[in-house]
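*Asks:* Dropping the structure in here first, questions after.
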Amino acid sequence: MKFSFKTAVWSAAMLLLLLSLLTPLSVLSIFFMIIPGVILYASLSVKSFIWHLLPVAIVLLVVHPIYLLFMLVFILPAIAMGNAYKKQKSALFTLMAGGGTMLAEYLLLLLIGSLIFQFDLSTYIKDVVQLTIEPLTNSSSQMINGFVWTPEMTEDVAKQTQLMIPFALVVTSMVMAFITHVIARPILNVMGMNVPKLPPAREWRMPRSLIWYYFLALIIEVISRQSDGTYWKMIAMNMSPLINLGFMIQAIGFFFFLSHLKRWNPVIPYLLGAAVFFIGPLRIVGIIDLAFPLREAISKSKR
């Protein structure tokens, strides 16, 4: 596809999204940052893609050079996903390519920041936590609510937050890739490009080995409670939520499977899927479905 009004619009969208990063809008816009780059790379030749990036880079350079770094950070996962679309890779492969590239960049930026710019992430998190919790430490609010927030509690929250950084990075990277795929795929289809889609939710299944990782996480959690160091504690605090997230996805797949089999109202599986994230015990459904041939048994009874 050559230069056109449509591709120019996506270049402009990329520019506006990048300029929003230093504004309060960044809380939402960051999750849509990869979309314009994916659409441009997937629908254009490499040469044409570069020509579309050039005016964006010039404007960003004029505004502030820091935006060029932002552009580089988000254009690499966009290229990874766009290239996967061009090669007709599966949707899962595309998500892993985009999310994995984004995660690698996060880790690289943290490494560069600490080695070159002496950026101390622990101190930064502690300052943010203290700023956030400051209203709770106000003596007047303590008197009104009858709740006393101590400096030790602030320190504990900061440490817990630091230990959860790997989990946050992984989830953020995959959510960004997922949102990008959900929005970019239908747009590229309209533009005449056949893009593989994710399997229907009723077919979502996690690998059965997740059960063994669950037991391993339980063992590591026991070790972390008996250990004074932060190494085992960090592994336990990040491994368990990721595995539980896998069980939640399995439970959502089961609810959609059951809804499809029983011909329920289409709204019901979406409500149950949303409830999985708010009602913790519902992930047990995912564990049972993963450990036993639950879907096969229900299918046979249906016949």
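Residue names in the structure tokens use chain letters A, B, ... in the order shown, residue numbers from 1 in each chain, and ligand numbers from 1 in the order shown.
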Please return, as an MDAnalysis selection string, all residues of region 166-263 of chain A that DSSP assigns to alpha helix (DSSP H) on the basis of the backbone.
*Replies:* chainID A and resid 166:190 210:226 231:262
*Asks:* Show me, as a list in words, the residues that have an atom within 10 Å of Ala158 (chain A) when counting only C-alpha atoms, minus same-chain residues fewer than 3 positions from it.
*Replies:* Ser122, Thr123, Tyr124, Ile125, Lys126, Asp127, Val128, Val129, Gln130, Glu152, Met153, Thr154, Glu155, Thr161, Gln162 and Leu163 of chain A
*Asks:* List every residue of region 220-272 of chain A that has an atom at most 8 Å from any atom of region 206-212 of chain A, and for each one report the closest atom pair and its distance in Å to one decimal, counting only C-alpha atoms, with rows sorted by chain and then by increasing residue number, as CSV.
*Replies:*
residue,atom,partner,partner_atom,distance
A:Ile243,CA,A:Leu210,CA,7.0
A:Gly246,CA,A:Met206,CA,6.7
A:Phe247,CA,A:Met206,CA,7.7
A:Ile249,CA,A:Met206,CA,7.6
A:Gln250,CA,A:Met206,CA,6.1
*Asks:* Please provide as a PyMOL selection string all residues within 7 Å of region 74-87 of chain A, with the sequence filter that same-chain residues fewer than 4 positions apart are discarded (counting only C-alpha atoms).
*Replies:* chain A and resi 33-34+37-39+41-42+70+94+97-98+101-102+195
*Asks:* Under the rule that only C-alpha atoms are counted, which of A:Ile252, A:Ile220, A:Leu282, A:Val46 is the nearest residue to Ile268 (chain A)?
*Replies:*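 Once distances to Ile268 (chain A) are computed over only C-alpha atoms, the minimum belongs to A:Ile252.
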*Asks:* Do you have the CA of Ala91 (chain A)-CA of Phe178 (chain A) distance handy?
*Replies:*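 These two atoms are separated by 9.6 Å.
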*Asks:* Could you jot down the CA of Ile50 (chain A) to CA of Leu188 (chain A) separation for me, Å, one decimal place?
*Replies:*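 CA of Leu188 (chain A) lies at a distance of 18.9 Å from CA of Ile50 (chain A).
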*Asks:* Leaving out Ala177 (chain A) and any residue of its chain fewer than 3 positions from it, which residues lie within 7 Å of it when counting only C-alpha atoms, given as number ranges by chain?
*Replies:* A: 95, 98-99, 173-174, 180-181
*Asks:* In Å, with one decimal, what is the gap from CA of Gly286 (chain A) to CA of Gly253 (chain A)?
*Replies:*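 CA of Gly286 (chain A) sits 8.3 Å away from CA of Gly253 (chain A).
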*Asks:* Which is closest to Leu68 (chain A) among A:Arg295, A:Tyr106, A:Leu19, A:Gly192, if we use only C-alpha atoms?
*Replies:* A:Leu19
*Asks:* Got a sec: who's within 10 Å of region 222-237 of chain A, counting only C-alpha atoms, leaving out chain neighbours fewer than 4 positions off, as a ChimeraX atom specification?
*Replies:* /A:159-160,162-167,216-218,241-242
